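So the structure is just underneath, and the comments pick up after that.
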Amino acid sequence: MKVGLYLLLLYFGIVLHSCSATSTHPLHSTASLNDTIHDPHSYANFKAIKTVHLDLELDVNFQNKTIYGVARHEMKNNNASEAIFDMRNLLIQKVTTGKIGNEKEADFTIGKFDVDSILGQPLTVKVNAKTTQVNIYYQTTKGSEALDWLDTLSTSSKTKPFLYTQGQAILTRTWIPLQDSPSNRFTYNAKVKVPKDLLALMSATNPKEKNASGIYEFEMDQPIPSYLISLAVGDISYHPYTSTCGVYAEKELLDTCVYEFEELPKMISAASSLYGNYQWKQYDLLVLPYSFPFGGMENPRLTFVNPTILAGDRSLVSVIAHELAHSWSGNLLTNSTWDDFWLNEGFTVYFEQRIMEVLYGKEVADILAQIEFQELQAELKEILEGKHPEDTKLHLNLKNRNPDDGMTSVAYVKGAFFLKTLEVKVGREKLDQFLKEYFKKNMYKSVSSFSFVNELESMLLAPNKLSFDYDEWIYEKGLPSNCLIINSPRLRFMESFANRFIQGEDIFAPKISYEWLKLKNTRKKKRIEIREFFEKEEYIVQEWQTFIRTLSNKSITIPQLQYLDSVLNFSTSNNAEIASEWFVLNINCRNKVIRPNIEKFIAKVGRRKYLMPIYEALVKNPEDKVWAKNVFDKSKAYYHAVSRNSIAELFKD
Ligand SMILES: [Zn+2]
């Protein structure tokens, strides 16, 4: 997942709707949770009994914003007397055991919500040693936070509604009752009924176009963890780049998407040449409506993408490189619990930068890394001064906390810099060889920091007689002193422009000089005009970010901001990275002139990475806070719960 390196200090706010049914057949047994303690975020007893295949029957009803479902779990039973599933804010109608045609109603209980209702509730079904099939009949509720139901006006078409799911980290249990732990993998099939004018897509084999029945069937025959089950329903069209990769979007956006992601086939071959063949058969993108709270989500075979990536100049495609990289790190090989999220994300950021290096060169990859490193440093400082300084370790202990607390740049960027520093120590060739073998050997498995370190020792360090202090990186706070430092000359150049501007120099004004030319018997004066800032044809987005960030650290006046905007048009930039940083700077400097631009932006974009810093800057000043609350109230119905709940926290007194 690409969340943007925004510190998630806040839990997803939890709204309880008291919708969970209580069984009419109470089961008089105490659920033993002892065998599940290895994953602190799941109640499932999958050591005793675990799902190996899931068959879903789903009826997607847009009128009452509800999915009516049956989750048929094919299970491997190790002499269990009960099967425990995770659920949150679901209505359970009944539970049966046995195959279709031979089903028997089973006793079940629904446990209490845990403190803060992070985990939801355990659904405990009575089984016997021979039970291999458990069927749960259920429906979703308003509290099913994985689901984002968008009314027609929030879509590009403005005529058809849209639904998408976001399962990571532990939201899949809010739309499917299942054993919701990344340490368990299973295959799945689904039969999904949707309104006839809409297309359904999943992280599985997908249709290319709508059919007349509105019924779609899906198969994912490679085992995946539960958070990667995903569904999207809308008026969606498809454009293939090759027979195995393409892009889905609402048709109003499709042409823009096709241009923006044209280099996708090249990216896939670059990634495959680095880390072994792409294993998931098909790789498609689905561009979602603007309310999607993340940059991208690596649902296998069908990456979900935020439309803010559509900058018009392919400048933000590193998000695609990131999601594609997850096809190896995360999807083939998964963190066994959310305490080791860095094994998913740190590796992925490292891979992302390697893919970008193949496509755009080392200089650009270094710039990307340096920008992210700056964000890491700022966030480390904040976490070290906060309630949980231990969150700056790579391996976390998130027991009794929301796993989303671990979605910080520590997992992403400190994780990536661990590998970058290791690369310098052991050499790129050896590291690449290790990573390739490591992925091949552990395909479709879950890994912990402990098992990774064992592999690192036995496959890379010991055979080459090398040492590397991985313990300091993984188990200690902050950044180790051996961390690689990147210093891009292009970013230094932008910093110096910004500094000169703040000191009063008009960096855009031409510099005029004269030169005398000798012509036969006479001399002629030649005027030479240099526009230093505009000498270079274009700057990449990270250069602009550096320019704005340098201004943010200094004292800049409102007339200076307005002059910059008149030359560089930041306020109307199509690039959300640039626009959002510019807005924050202007809010902090109390430049209210661009409020209409800010309002337009935050009413359209639902991505939390952009919204949070803007709202956080606004709530600092009482007058801005009143204005921001008004904008939020108008926009909140459109935001996904992930963004809406985080922003709502800011307005709590
Ligand atoms: Zn990611």
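Here's how to read the names in the structure tokens: chain A, B, ... by the order shown, residue numbers from 1 in each chain, ligand numbers from 1 in the order shown.
Considering only C-alpha atoms and all ligand atoms, every residue of the polymer chains approaching ligand 1 to 9 Å or closer is listed here: A:Met1, A:Lys2, A:Val3, A:Gly296, A:Met297, A:Glu298, A:Val319, A:His322, A:Glu323, A:Ala325, A:His326, A:Ser329, A:Gly330, A:Asn344, A:Glu345, A:Gly346, A:Thr348, A:Val349, A:Tyr412.
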Determine, for each residue of range 76-159 of chain A having at least one atom at most 12 Å from an atom of range 233-249 of chain A, the closest pair of atoms and their separation in Å to one decimal, counting only C-alpha atoms; order by chain and ascending number, as JSON lines.
{"residue": "A:Leu147", "atom": "CA", "partner": "A:Val233", "partner_atom": "CA", "distance": 11.0}
{"residue": "A:Asp148", "atom": "CA", "partner": "A:Val233", "partner_atom": "CA", "distance": 10.5}
{"residue": "A:Trp149", "atom": "CA", "partner": "A:Val233", "partner_atom": "CA", "distance": 9.5}
{"residue": "A:Leu150", "atom": "CA", "partner": "A:Gly234", "partner_atom": "CA", "distance": 9.5}
{"residue": "A:Asp151", "atom": "CA", "partner": "A:Gly234", "partner_atom": "CA", "distance": 10.7}
{"residue": "A:Thr152", "atom": "CA", "partner": "A:Gly234", "partner_atom": "CA", "distance": 9.9}
{"residue": "A:Ser154", "atom": "CA", "partner": "A:Gly234", "partner_atom": "CA", "distance": 11.8}
{"residue": "A:Thr155", "atom": "CA", "partner": "A:Gly234", "partner_atom": "CA", "distance": 9.1}
{"residue": "A:Ser156", "atom": "CA", "partner": "A:Ala249", "partner_atom": "CA", "distance": 9.5}
{"residue": "A:Ser157", "atom": "CA", "partner": "A:Asp235", "partner_atom": "CA", "distance": 7.9}
{"residue": "A:Lys158", "atom": "CA", "partner": "A:Asp235", "partner_atom": "CA", "distance": 10.4}
{"residue": "A:Thr159", "atom": "CA", "partner": "A:Asp235", "partner_atom": "CA", "distance": 9.1}
Output file for the residues above (N, CA and C atoms, as a PDB file, in the first residue's frame):
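Listing of again-v6.pdb after writing:
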ATOM      1  N   LEU A 147     -15.894  -0.836   3.168  1.00  0.00           N
ATOM      2  CA  LEU A 147     -16.688  -0.504   1.985  1.00  0.00           C
ATOM      3  C   LEU A 147     -16.820   0.999   1.815  1.00  0.00           C
ATOM      4  N   ASP A 148     -16.567   1.480   0.616  1.00  0.00           N
ATOM      5  CA  ASP A 148     -16.839   2.885   0.305  1.00  0.00           C
ATOM      6  C   ASP A 148     -17.905   2.919  -0.790  1.00  0.00           C
ATOM      7  N   TRP A 149     -19.121   3.265  -0.393  1.00  0.00           N
ATOM      8  CA  TRP A 149     -20.248   3.367  -1.338  1.00  0.00           C
ATOM      9  C   TRP A 149     -20.300   4.802  -1.833  1.00  0.00           C
ATOM     10  N   LEU A 150     -20.096   4.996  -3.113  1.00  0.00           N
ATOM     11  CA  LEU A 150     -20.099   6.364  -3.628  1.00  0.00           C
ATOM     12  C   LEU A 150     -21.365   6.637  -4.421  1.00  0.00           C
ATOM     13  N   ASP A 151     -22.019   7.740  -4.048  1.00  0.00           N
ATOM     14  CA  ASP A 151     -23.184   8.141  -4.824  1.00  0.00           C
ATOM     15  C   ASP A 151     -22.729   8.622  -6.191  1.00  0.00           C
ATOM     16  N   THR A 152     -23.674   8.743  -7.088  1.00  0.00           N
ATOM     17  CA  THR A 152     -23.340   9.071  -8.483  1.00  0.00           C
ATOM     18  C   THR A 152     -22.516  10.359  -8.591  1.00  0.00           C
ATOM     19  N   SER A 154     -20.282  11.541  -6.780  1.00  0.00           N
ATOM     20  CA  SER A 154     -18.876  11.414  -6.377  1.00  0.00           C
ATOM     21  C   SER A 154     -18.052  10.609  -7.380  1.00  0.00           C
ATOM     22  N   THR A 155     -18.625  10.259  -8.497  1.00  0.00           N
ATOM     23  CA  THR A 155     -17.888   9.494  -9.508  1.00  0.00           C
ATOM     24  C   THR A 155     -17.594  10.395 -10.701  1.00  0.00           C
ATOM     25  N   SER A 156     -16.781   9.896 -11.620  1.00  0.00           N
ATOM     26  CA  SER A 156     -16.475  10.702 -12.800  1.00  0.00           C
ATOM     27  C   SER A 156     -17.664  10.774 -13.742  1.00  0.00           C
ATOM     28  N   SER A 157     -18.423   9.684 -13.801  1.00  0.00           N
ATOM     29  CA  SER A 157     -19.560   9.666 -14.738  1.00  0.00           C
ATOM     30  C   SER A 157     -20.682  10.585 -14.260  1.00  0.00           C
ATOM     31  N   LYS A 158     -20.799  10.776 -12.970  1.00  0.00           N
ATOM     32  CA  LYS A 158     -21.895  11.539 -12.328  1.00  0.00           C
ATOM     33  C   LYS A 158     -23.261  10.893 -12.574  1.00  0.00           C
ATOM     34  N   THR A 159     -23.271   9.711 -13.188  1.00  0.00           N
ATOM     35  CA  THR A 159     -24.562   9.070 -13.455  1.00  0.00           C
ATOM     36  C   THR A 159     -24.671   7.682 -12.839  1.00  0.00           C
TER      37      THR A 159
END
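Compared by their closest atoms to Gln353 in chain A, and using only C-alpha atoms, the residues A:Ile383, A:Leu376, A:Ala321, A:Ile558 rank with A:Ala321 nearest.
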Which residues in range 230-369 of chain A does DSSP call alpha helix (DSSP H)? List them as a PDB file with N, CA and C atoms, in the first residue's frame.
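Dumped everything to part-v7.pdb:
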ATOM      1  N   LYS A 251     -15.101   5.410 -17.823  1.00  0.00           N
ATOM      2  CA  LYS A 251     -14.693   5.768 -19.194  1.00  0.00           C
ATOM      3  C   LYS A 251     -14.297   7.238 -19.349  1.00  0.00           C
ATOM      4  N   GLU A 252     -14.832   8.101 -18.498  1.00  0.00           N
ATOM      5  CA  GLU A 252     -14.464   9.522 -18.569  1.00  0.00           C
ATOM      6  C   GLU A 252     -12.981   9.726 -18.265  1.00  0.00           C
ATOM      7  N   LEU A 253     -12.397   8.816 -17.501  1.00  0.00           N
ATOM      8  CA  LEU A 253     -10.989   8.973 -17.103  1.00  0.00           C
ATOM      9  C   LEU A 253     -10.053   8.110 -17.942  1.00  0.00           C
ATOM     10  N   LEU A 254     -10.638   7.200 -18.728  1.00  0.00           N
ATOM     11  CA  LEU A 254      -9.815   6.136 -19.319  1.00  0.00           C
ATOM     12  C   LEU A 254      -8.701   6.658 -20.229  1.00  0.00           C
ATOM     13  N   ASP A 255      -8.992   7.619 -21.095  1.00  0.00           N
ATOM     14  CA  ASP A 255      -7.948   8.108 -22.023  1.00  0.00           C
ATOM     15  C   ASP A 255      -6.761   8.697 -21.251  1.00  0.00           C
ATOM     16  N   THR A 256      -7.066   9.478 -20.224  1.00  0.00           N
ATOM     17  CA  THR A 256      -6.000  10.066 -19.409  1.00  0.00           C
ATOM     18  C   THR A 256      -5.168   8.970 -18.757  1.00  0.00           C
ATOM     19  N   CYS A 257      -5.853   7.932 -18.264  1.00  0.00           N
ATOM     20  CA  CYS A 257      -5.153   6.814 -17.602  1.00  0.00           C
ATOM     21  C   CYS A 257      -4.252   6.091 -18.602  1.00  0.00           C
ATOM     22  N   VAL A 258      -4.780   5.864 -19.791  1.00  0.00           N
ATOM     23  CA  VAL A 258      -4.029   5.108 -20.803  1.00  0.00           C
ATOM     24  C   VAL A 258      -2.706   5.811 -21.093  1.00  0.00           C
ATOM     25  N   TYR A 259      -2.742   7.136 -21.213  1.00  0.00           N
ATOM     26  CA  TYR A 259      -1.514   7.890 -21.476  1.00  0.00           C
ATOM     27  C   TYR A 259      -0.574   7.822 -20.258  1.00  0.00           C
ATOM     28  N   GLU A 260      -1.133   8.063 -19.087  1.00  0.00           N
ATOM     29  CA  GLU A 260      -0.301   8.191 -17.879  1.00  0.00           C
ATOM     30  C   GLU A 260       0.464   6.893 -17.574  1.00  0.00           C
ATOM     31  N   LEU A 264       3.709   0.949 -18.314  1.00  0.00           N
ATOM     32  CA  LEU A 264       3.475  -0.198 -17.433  1.00  0.00           C
ATOM     33  C   LEU A 264       4.166  -1.483 -17.918  1.00  0.00           C
ATOM     34  N   PRO A 265       4.049  -1.867 -19.194  1.00  0.00           N
ATOM     35  CA  PRO A 265       4.731  -3.096 -19.623  1.00  0.00           C
ATOM     36  C   PRO A 265       6.243  -3.034 -19.374  1.00  0.00           C
ATOM     37  N   LYS A 266       6.835  -1.847 -19.579  1.00  0.00           N
ATOM     38  CA  LYS A 266       8.281  -1.690 -19.334  1.00  0.00           C
ATOM     39  C   LYS A 266       8.600  -1.882 -17.858  1.00  0.00           C
ATOM     40  N   MET A 267       7.724  -1.349 -17.009  1.00  0.00           N
ATOM     41  CA  MET A 267       7.934  -1.492 -15.557  1.00  0.00           C
ATOM     42  C   MET A 267       7.896  -2.952 -15.155  1.00  0.00           C
ATOM     43  N   ILE A 268       6.941  -3.680 -15.725  1.00  0.00           N
ATOM     44  CA  ILE A 268       6.804  -5.100 -15.348  1.00  0.00           C
ATOM     45  C   ILE A 268       8.058  -5.863 -15.771  1.00  0.00           C
ATOM     46  N   SER A 269       8.576  -5.555 -16.982  1.00  0.00           N
ATOM     47  CA  SER A 269       9.775  -6.318 -17.368  1.00  0.00           C
ATOM     48  C   SER A 269      10.988  -5.893 -16.544  1.00  0.00           C
ATOM     49  N   ALA A 270      11.059  -4.602 -16.162  1.00  0.00           N
ATOM     50  CA  ALA A 270      12.179  -4.171 -15.304  1.00  0.00           C
ATOM     51  C   ALA A 270      12.130  -4.900 -13.959  1.00  0.00           C
ATOM     52  N   ALA A 271      10.928  -4.969 -13.371  1.00  0.00           N
ATOM     53  CA  ALA A 271      10.791  -5.622 -12.063  1.00  0.00           C
ATOM     54  C   ALA A 271      11.110  -7.115 -12.165  1.00  0.00           C
ATOM     55  N   SER A 272      10.631  -7.743 -13.238  1.00  0.00           N
ATOM     56  CA  SER A 272      10.870  -9.190 -13.399  1.00  0.00           C
ATOM     57  C   SER A 272      12.351  -9.485 -13.569  1.00  0.00           C
ATOM     58  N   SER A 273      13.049  -8.593 -14.282  1.00  0.00           N
ATOM     59  CA  SER A 273      14.477  -8.856 -14.485  1.00  0.00           C
ATOM     60  C   SER A 273      15.246  -8.705 -13.164  1.00  0.00           C
ATOM     61  N   LEU A 274      14.720  -7.892 -12.254  1.00  0.00           N
ATOM     62  CA  LEU A 274      15.410  -7.724 -10.973  1.00  0.00           C
ATOM     63  C   LEU A 274      15.141  -8.877 -10.004  1.00  0.00           C
ATOM     64  N   TYR A 275      13.888  -9.273  -9.890  1.00  0.00           N
ATOM     65  CA  TYR A 275      13.539 -10.176  -8.783  1.00  0.00           C
ATOM     66  C   TYR A 275      12.863 -11.483  -9.185  1.00  0.00           C
ATOM     67  N   SER A 318       5.803   6.668  -9.772  1.00  0.00           N
ATOM     68  CA  SER A 318       6.529   5.828  -8.812  1.00  0.00           C
ATOM     69  C   SER A 318       5.547   5.065  -7.921  1.00  0.00           C
ATOM     70  N   VAL A 319       4.339   5.600  -7.759  1.00  0.00           N
ATOM     71  CA  VAL A 319       3.317   4.874  -6.993  1.00  0.00           C
ATOM     72  C   VAL A 319       3.003   3.537  -7.681  1.00  0.00           C
ATOM     73  N   ILE A 320       2.974   3.556  -9.012  1.00  0.00           N
ATOM     74  CA  ILE A 320       2.698   2.311  -9.747  1.00  0.00           C
ATOM     75  C   ILE A 320       3.875   1.347  -9.572  1.00  0.00           C
ATOM     76  N   ALA A 321       5.100   1.888  -9.640  1.00  0.00           N
ATOM     77  CA  ALA A 321       6.274   1.032  -9.406  1.00  0.00           C
ATOM     78  C   ALA A 321       6.183   0.394  -8.020  1.00  0.00           C
ATOM     79  N   HIS A 322       5.711   1.178  -7.063  1.00  0.00           N
ATOM     80  CA  HIS A 322       5.563   0.681  -5.689  1.00  0.00           C
ATOM     81  C   HIS A 322       4.550  -0.477  -5.630  1.00  0.00           C
ATOM     82  N   GLU A 323       3.371  -0.247  -6.185  1.00  0.00           N
ATOM     83  CA  GLU A 323       2.328  -1.290  -6.106  1.00  0.00           C
ATOM     84  C   GLU A 323       2.748  -2.540  -6.877  1.00  0.00           C
ATOM     85  N   LEU A 324       3.391  -2.325  -8.014  1.00  0.00           N
ATOM     86  CA  LEU A 324       3.884  -3.463  -8.792  1.00  0.00           C
ATOM     87  C   LEU A 324       4.917  -4.253  -7.979  1.00  0.00           C
ATOM     88  N   ALA A 325       5.802  -3.538  -7.301  1.00  0.00           N
ATOM     89  CA  ALA A 325       6.839  -4.197  -6.498  1.00  0.00           C
ATOM     90  C   ALA A 325       6.223  -5.097  -5.422  1.00  0.00           C
ATOM     91  N   PHE A 341       5.346  -5.156   9.568  1.00  0.00           N
ATOM     92  CA  PHE A 341       4.875  -4.471   8.358  1.00  0.00           C
ATOM     93  C   PHE A 341       6.051  -3.997   7.493  1.00  0.00           C
ATOM     94  N   TRP A 342       7.195  -3.737   8.129  1.00  0.00           N
ATOM     95  CA  TRP A 342       8.359  -3.254   7.383  1.00  0.00           C
ATOM     96  C   TRP A 342       8.828  -4.280   6.352  1.00  0.00           C
ATOM     97  N   LEU A 343       8.558  -5.578   6.629  1.00  0.00           N
ATOM     98  CA  LEU A 343       8.972  -6.600   5.664  1.00  0.00           C
ATOM     99  C   LEU A 343       8.145  -6.484   4.376  1.00  0.00           C
ATOM    100  N   ASN A 344       6.909  -6.007   4.475  1.00  0.00           N
ATOM    101  CA  ASN A 344       6.131  -5.700   3.265  1.00  0.00           C
ATOM    102  C   ASN A 344       6.601  -4.387   2.635  1.00  0.00           C
ATOM    103  N   GLU A 345       6.637  -3.336   3.458  1.00  0.00           N
ATOM    104  CA  GLU A 345       6.768  -1.997   2.878  1.00  0.00           C
ATOM    105  C   GLU A 345       8.211  -1.530   2.664  1.00  0.00           C
ATOM    106  N   GLY A 346       9.106  -1.865   3.587  1.00  0.00           N
ATOM    107  CA  GLY A 346      10.503  -1.452   3.408  1.00  0.00           C
ATOM    108  C   GLY A 346      11.088  -2.076   2.151  1.00  0.00           C
ATOM    109  N   PHE A 347      10.820  -3.377   1.959  1.00  0.00           N
ATOM    110  CA  PHE A 347      11.305  -4.050   0.754  1.00  0.00           C
ATOM    111  C   PHE A 347      10.677  -3.437  -0.488  1.00  0.00           C
ATOM    112  N   THR A 348       9.404  -3.080  -0.362  1.00  0.00           N
ATOM    113  CA  THR A 348       8.698  -2.552  -1.531  1.00  0.00           C
ATOM    114  C   THR A 348       9.224  -1.173  -1.930  1.00  0.00           C
ATOM    115  N   VAL A 349       9.504  -0.324  -0.951  1.00  0.00           N
ATOM    116  CA  VAL A 349      10.057   0.995  -1.287  1.00  0.00           C
ATOM    117  C   VAL A 349      11.438   0.827  -1.933  1.00  0.00           C
ATOM    118  N   TYR A 350      12.219  -0.110  -1.395  1.00  0.00           N
ATOM    119  CA  TYR A 350      13.529  -0.385  -1.997  1.00  0.00           C
ATOM    120  C   TYR A 350      13.361  -0.860  -3.450  1.00  0.00           C
ATOM    121  N   PHE A 351      12.437  -1.797  -3.678  1.00  0.00           N
ATOM    122  CA  PHE A 351      12.190  -2.304  -5.042  1.00  0.00           C
ATOM    123  C   PHE A 351      11.688  -1.196  -5.958  1.00  0.00           C
ATOM    124  N   GLU A 352      10.785  -0.391  -5.399  1.00  0.00           N
ATOM    125  CA  GLU A 352      10.210   0.728  -6.176  1.00  0.00           C
ATOM    126  C   GLU A 352      11.335   1.602  -6.715  1.00  0.00           C
ATOM    127  N   GLN A 353      12.297   1.912  -5.840  1.00  0.00           N
ATOM    128  CA  GLN A 353      13.392   2.800  -6.271  1.00  0.00           C
ATOM    129  C   GLN A 353      14.301   2.104  -7.281  1.00  0.00           C
ATOM    130  N   ARG A 354      14.435   0.797  -7.151  1.00  0.00           N
ATOM    131  CA  ARG A 354      15.252   0.068  -8.130  1.00  0.00           C
ATOM    132  C   ARG A 354      14.550   0.037  -9.499  1.00  0.00           C
ATOM    133  N   ILE A 355      13.236  -0.129  -9.499  1.00  0.00           N
ATOM    134  CA  ILE A 355      12.490  -0.113 -10.764  1.00  0.00           C
ATOM    135  C   ILE A 355      12.597   1.277 -11.404  1.00  0.00           C
ATOM    136  N   MET A 356      12.454   2.311 -10.580  1.00  0.00           N
ATOM    137  CA  MET A 356      12.553   3.681 -11.090  1.00  0.00           C
ATOM    138  C   MET A 356      13.954   3.939 -11.647  1.00  0.00           C
ATOM    139  N   GLU A 357      14.942   3.356 -11.023  1.00  0.00           N
ATOM    140  CA  GLU A 357      16.319   3.528 -11.502  1.00  0.00           C
ATOM    141  C   GLU A 357      16.493   2.908 -12.897  1.00  0.00           C
ATOM    142  N   VAL A 358      15.914   1.724 -13.101  1.00  0.00           N
ATOM    143  CA  VAL A 358      16.010   1.087 -14.426  1.00  0.00           C
ATOM    144  C   VAL A 358      15.331   1.970 -15.473  1.00  0.00           C
ATOM    145  N   LEU A 359      14.173   2.518 -15.123  1.00  0.00           N
ATOM    146  CA  LEU A 359      13.404   3.285 -16.108  1.00  0.00           C
ATOM    147  C   LEU A 359      13.897   4.725 -16.299  1.00  0.00           C
ATOM    148  N   TYR A 360      14.289   5.367 -15.212  1.00  0.00           N
ATOM    149  CA  TYR A 360      14.575   6.808 -15.308  1.00  0.00           C
ATOM    150  C   TYR A 360      15.982   7.198 -14.864  1.00  0.00           C
ATOM    151  N   LYS A 362      19.678   6.598 -12.235  1.00  0.00           N
ATOM    152  CA  LYS A 362      20.037   6.620 -10.811  1.00  0.00           C
ATOM    153  C   LYS A 362      19.773   7.975 -10.170  1.00  0.00           C
ATOM    154  N   GLU A 363      19.992   9.032 -10.950  1.00  0.00           N
ATOM    155  CA  GLU A 363      19.808  10.375 -10.387  1.00  0.00           C
ATOM    156  C   GLU A 363      18.371  10.564  -9.882  1.00  0.00           C
ATOM    157  N   VAL A 364      17.401  10.143 -10.699  1.00  0.00           N
ATOM    158  CA  VAL A 364      15.998  10.284 -10.314  1.00  0.00           C
ATOM    159  C   VAL A 364      15.679   9.381  -9.121  1.00  0.00           C
ATOM    160  N   ALA A 365      16.196   8.153  -9.143  1.00  0.00           N
ATOM    161  CA  ALA A 365      15.939   7.235  -8.021  1.00  0.00           C
ATOM    162  C   ALA A 365      16.511   7.810  -6.724  1.00  0.00           C
ATOM    163  N   ASP A 366      17.689   8.423  -6.816  1.00  0.00           N
ATOM    164  CA  ASP A 366      18.300   9.032  -5.626  1.00  0.00           C
ATOM    165  C   ASP A 366      17.463  10.208  -5.113  1.00  0.00           C
ATOM    166  N   ILE A 367      16.945  10.985  -6.036  1.00  0.00           N
ATOM    167  CA  ILE A 367      16.114  12.127  -5.639  1.00  0.00           C
ATOM    168  C   ILE A 367      14.879  11.639  -4.885  1.00  0.00           C
ATOM    169  N   LEU A 368      14.244  10.590  -5.431  1.00  0.00           N
ATOM    170  CA  LEU A 368      13.070  10.011  -4.759  1.00  0.00           C
ATOM    171  C   LEU A 368      13.424   9.569  -3.345  1.00  0.00           C
ATOM    172  N   ALA A 369      14.571   8.886  -3.237  1.00  0.00           N
ATOM    173  CA  ALA A 369      14.990   8.356  -1.935  1.00  0.00           C
ATOM    174  C   ALA A 369      15.278   9.497  -0.966  1.00  0.00           C
TER     175      ALA A 369
END
Could you give me the residues within range 67-285 of chain A that DSSP places in strand (DSSP E or B), as a ChimeraX atom specification?
-> /A:67-77,82-87,90-97,104-105,108-110,121-126,133-140,147-150,162-165,178,185-193,199-202,215-225,231-234,236-240,245-250,283-285
Can you list, as a PyMOL selection string, every protein, DNA or RNA residue that comes within 8 Å of range 175-186 of chain A when you count only C-alpha atoms, leaving out same-chain residues fewer than 6 positions away?
-> chain A and resi 39+41-44+46+50-54+67+69+71+84-87+90+136+139-140+144-147+222-227+334-338+444-446
Written file, previous selection with C-alpha atoms, as a short mmCIF file (atom, residue, chain, number, x, y, z; two decimals), in the first residue's frame:
data_model
loop_
_atom_site.label_atom_id
_atom_site.label_comp_id
_atom_site.auth_asym_id
_atom_site.auth_seq_id
_atom_site.Cartn_x
_atom_site.Cartn_y
_atom_site.Cartn_z
CA ASP A 39 -1.05 -12.78 15.73
CA HIS A 41 -4.78 -8.83 15.64
CA SER A 42 -6.83 -11.93 14.97
CA TYR A 43 -9.06 -14.17 17.08
CA ALA A 44 -8.77 -17.04 14.59
CA PHE A 46 -6.08 -21.42 12.55
CA LYS A 50 -7.89 -23.04 9.08
CA THR A 51 -9.46 -21.91 5.87
CA VAL A 52 -7.70 -23.26 2.79
CA HIS A 53 -10.27 -22.08 0.27
CA LEU A 54 -13.08 -19.53 0.42
CA ILE A 67 -23.74 -6.66 0.58
CA GLY A 69 -23.21 -12.70 1.39
CA ALA A 71 -18.82 -17.12 2.97
CA ILE A 84 -13.06 -19.06 15.32
CA PHE A 85 -13.47 -16.31 12.73
CA ASP A 86 -12.97 -12.55 12.88
CA MET A 87 -15.83 -10.17 12.23
CA LEU A 90 -21.50 -7.65 10.40
CA ILE A 136 -21.56 -18.19 7.17
CA GLN A 139 -24.86 -9.04 5.56
CA THR A 140 -22.76 -5.91 5.86
CA SER A 144 -18.52 -2.08 7.46
CA GLU A 145 -15.59 0.26 7.12
CA ALA A 146 -13.87 -1.58 4.29
CA LEU A 147 -16.69 -0.50 1.99
CA GLN A 222 -2.98 -18.66 -5.86
CA PRO A 223 -3.15 -18.51 -2.05
CA ILE A 224 -3.33 -14.95 -0.68
CA PRO A 225 -3.77 -13.43 2.78
CA SER A 226 -7.24 -12.11 3.63
CA TYR A 227 -6.37 -8.38 3.41
CA THR A 334 3.88 -11.49 3.41
CA ASN A 335 4.55 -10.18 6.90
CA SER A 336 3.17 -12.82 9.24
CA THR A 337 1.80 -10.19 11.62
CA TRP A 338 1.41 -6.40 11.37
CA TYR A 444 3.47 -17.96 -0.78
CA LYS A 445 4.80 -17.89 2.75
CA SER A 446 4.59 -15.47 5.65
#
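Between CA of Pro122 in chain A and CA of Gln93 in chain A the interatomic distance comes to 15.3 Å.
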